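Inspection log for the structure reproduced underneath, given as structure tokens.
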Amino acid sequence: MAFSWRFIGLSIFVFLLNVSSIAHSAPTNAHSSCSNEINMVLVKLWVNGGEEDSIVGLSAAFGSVLPTDTNRASRLPAVYTQPLNGCSVSSAKLSGSIALARRGECEFITKATVAQEGGAGGVVLINNEGGPLDIACPNNSTISNVTIPVVSISKEGADIIDKYINSGKKVPDQCTAYIFPFTTTNRLSPTKHLQRKKEIDGKTFDIEEMACSIDPFPLTTKDDDMTVKEEDDSEILHITAWTAIGFVISASTFLVLLYFFMSTWFVWLLILLFCIGGIEGLHNCIVTLILSKFRGCGKKTLNLPLVGEVAILSLVVLILCVGFAIFWAVNRKESYSWVGQDILGIALMITVLQLAQLPNIKVATVLLCCAFVYDIFWVFLSPTIFHDSVMISVAKGKKAGGESIPMLLRVPKLTDPYKGFDMLGFGDILFPGLLICFTYRFDEAKKKGILNGYFLWLMIGYGTGLCITYVGLFLMNGHGQPALLYLVPCTLGTCVVLGAVRRELKDLWTNCDESKQMAEARLGSA
């Protein structure tokens with residue numbers, strides 16, 4: 001690799017957007033201890049004023065603490081040391097620059113000391129292997145004379161920098177790199193750091209937003225929030241066969257309790273829980289959508305008592321969501337209230353489908369078959385025991401003065417002179433939805449196209465099942481129908497038949513790749 005450009009047009013804007021209370025009290029000036037926390041950082045590269053790439057790195061246990069305020073950070077050009085290992089006085093001018101030095105020949109603290117004596121404003125140490133370096137002081141030393149920031153990046157990160165050097169592009173001094181922390185409390189191995197970056201990139205928001213602590217789910221931007229849903233796989237509920245059976249038994253028990261003890265106060269409790277879930281779901285959807293289109297909108301924060309540092313965008317959206325939910329709750333008996341109920345319900349179900357995952361169709365078969373029996377029994381067979389259809393009675397709120405539970409979608413019957421509603425329970429969406437989401441992940445993992453995958457065909461199957469449900473409603477003069485009676489065969493049946501025809505049923509049944517990932521996630525959280 002040619003290094004004719006030792007002074008590359010790459011300036012590094014180095015700062016730490018620190019979000020822990022401990023780090024806020026740390027000084028941003030010269031620092032001589034060897035007890036710095038090793039933080040995950042993100043180096044973002046700009047070429048010709050435009051963002052090009054991001055590099056994951058780690059701060060060192062020695063050197064100065066990077067500033068927490070972006071206004072106090074300095075912009076410095078980046079220079080490769082000569083020799084490249086940075087072990088001796090550099091023939092390239094380092095004064096007022098960020099020194100780039102490669103691993104080898106001498107200790108890291110020696111490289112940093114040489115760069116500091118040459119006038120460098122900071123050091124980026126490059127590993128010769130995958131992953132950034134976990135840099136500590138030598139021989140358990142507790143004191144260092146290095147008073148400039150020290151950061152390490154991986155070989156792949158250096159390759160990204162070199163790519164722009166060797167591409168023939170003119171790289172001006174507008175090319176800057178922003179360095180952020182990812183955590184100040186949880187020390188992770190470099191390998192886990194890189195895996196975490198990959199997982200974040202696969203979500204609906206990217207690593208830039210996480211680095212800026214722009215979190216679509218919670219309000220606070222503190223570092224302990226790095227364990228929230230979008231990043232920590234342990235927050236995902238991996239459904240098992242026993243979980244599926246237990247869920248259906250619990251749902252049946254709860255349904256019977258609702259049937260016997262339904263009252264106005266009980267419905268209000270359900271409305272409150274529905275509003276809380278709907279607010280969280282709506283907040284998640286809106287913030288994620290805004291950040292996917294306008295990444296800079298969430299960078300402004302403010303400090304609130306008891307809460308801490310909060311993204312202004314997240315706070316504003318939360319207030320709007322709370323207001324929307326309150327408006328719906330107050331006007332829930334109006335003719336137009338179905339719109340607000342459906343919006344909150346859909347947002348809630350989107351969040352549930354993000355958090356709960358089926359590992360394979362073996363578990364899906366157990367879950368959907370149990371739900372299939374559950375739906376048929378409580379709609380069609382329960383009158384033989386309770387002299388009334390328990391499911392329909394609870395859905396319509398017959399024992400609560402007509403106050404129906406909100407855990408369903410409502411659509412007005414346009415041709416009904418009595419202005420009734422067609423209703424679809426959340427379970428009729430979530431149970432098949434879990435299977436459809438699984439097929440989407442399966443298609444992505446196997447790199448299947450839209451036609452030779454499963455997702456499209458299950459979506460068509462679900463739509464067909466809904467159409468059959470409403471045909472059944474019409475033929476039975478509006479008598480409530482167990483939608484899963486039609487939806488399960490049209491979704492699970494479609495998946496099984498397609499898998500058998502394509503000779504992929506074994507892969508779908510076990511899905512070893514995802515099962516392995518689940519096991520690794522459980523080991524990682526242990």
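For the structure tokens, the naming scheme is as follows: chains receive sequential letters (A, B, ...) according to their order of presentation, residues are indexed from 1 within each chain, and ligands are indexed from 1 in presentation order.
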Inset, instruction - May I have the residues within 8 Å of A:Val394 as number ranges by chain, using only C-alpha atoms and disregarding those fewer than 6 positions away in the same chain? - result: A: 255, 258-259, 262, 404-405
May I have the selected residues written with N, CA and C atoms, as an mmCIF file, in the first residue's frame?
data_model
loop_
_atom_site.group_PDB
_atom_site.id
_atom_site.type_symbol
_atom_site.label_atom_id
_atom_site.label_comp_id
_atom_site.auth_asym_id
_atom_site.auth_seq_id
_atom_site.Cartn_x
_atom_site.Cartn_y
_atom_site.Cartn_z
ATOM 1 N N LEU A 255 -59.404 -14.213 30.155
ATOM 2 C CA LEU A 255 -60.675 -14.008 29.461
ATOM 3 C C LEU A 255 -61.853 -14.393 30.351
ATOM 4 N N LEU A 258 -62.304 -11.747 32.967
ATOM 5 C CA LEU A 258 -62.984 -10.595 32.383
ATOM 6 C C LEU A 258 -64.485 -10.859 32.257
ATOM 7 N N TYR A 259 -64.816 -12.051 31.855
ATOM 8 C CA TYR A 259 -66.229 -12.389 31.642
ATOM 9 C C TYR A 259 -67.023 -12.303 32.945
ATOM 10 N N MET A 262 -66.073 -8.387 34.863
ATOM 11 C CA MET A 262 -66.044 -7.162 34.071
ATOM 12 C C MET A 262 -66.916 -6.096 34.732
ATOM 13 N N SER A 404 -66.778 -1.412 25.939
ATOM 14 C CA SER A 404 -65.969 -2.502 25.402
ATOM 15 C C SER A 404 -64.497 -2.294 25.727
ATOM 16 N N ILE A 405 -63.764 -3.401 25.781
ATOM 17 C CA ILE A 405 -62.327 -3.312 26.021
ATOM 18 C C ILE A 405 -61.655 -2.734 24.777
#
Inset, instruction - Considering only C-alpha atoms, return as a PyMOL selection string whatever protein or nucleic-acid residues lie within 12 Å of A:Thr365, sequence-local ones (same chain, fewer than 6 positions apart) excluded. - result: chain A and resi 239-241+244-245+358-359+371-372+431-432+434-435+488-489+491-493+495-496+508-510
Inset, instruction - Just the residues within 12 Å of A:Leu272, please, counting only C-alpha atoms, with nothing from its chain fewer than 2 positions along; format it as number ranges by chain. - result: A: 265-270, 274-279, 322, 325-326, 328-330, 405-407
Residues just named, written with C-alpha atoms as a PDB file, in the first residue's frame:
ATOM      1  CA  TRP A 265     -63.536   0.244  36.939  1.00  0.00           C
ATOM      2  CA  PHE A 266     -61.994  -2.888  35.432  1.00  0.00           C
ATOM      3  CA  VAL A 267     -62.481  -1.488  31.933  1.00  0.00           C
ATOM      4  CA  TRP A 268     -60.866   1.782  33.029  1.00  0.00           C
ATOM      5  CA  LEU A 269     -57.853  -0.192  34.240  1.00  0.00           C
ATOM      6  CA  LEU A 270     -57.612  -1.859  30.828  1.00  0.00           C
ATOM      7  CA  PHE A 274     -53.866   0.262  26.699  1.00  0.00           C
ATOM      8  CA  CYS A 275     -52.997   3.964  26.700  1.00  0.00           C
ATOM      9  CA  ILE A 276     -49.587   3.333  28.284  1.00  0.00           C
ATOM     10  CA  GLY A 277     -48.762   0.669  25.713  1.00  0.00           C
ATOM     11  CA  GLY A 278     -50.156   2.774  22.883  1.00  0.00           C
ATOM     12  CA  ILE A 279     -48.132   5.821  23.952  1.00  0.00           C
ATOM     13  CA  VAL A 322     -49.736  11.468  25.758  1.00  0.00           C
ATOM     14  CA  ALA A 325     -54.040   9.125  24.138  1.00  0.00           C
ATOM     15  CA  ILE A 326     -55.830  11.370  26.651  1.00  0.00           C
ATOM     16  CA  TRP A 328     -58.961   9.411  22.725  1.00  0.00           C
ATOM     17  CA  ALA A 329     -59.742   8.218  26.272  1.00  0.00           C
ATOM     18  CA  VAL A 330     -61.965  11.225  26.955  1.00  0.00           C
ATOM     19  CA  ILE A 405     -62.327  -3.312  26.021  1.00  0.00           C
ATOM     20  CA  PRO A 406     -59.921  -1.348  23.803  1.00  0.00           C
ATOM     21  CA  MET A 407     -57.643  -4.272  22.868  1.00  0.00           C
TER      22      MET A 407
END
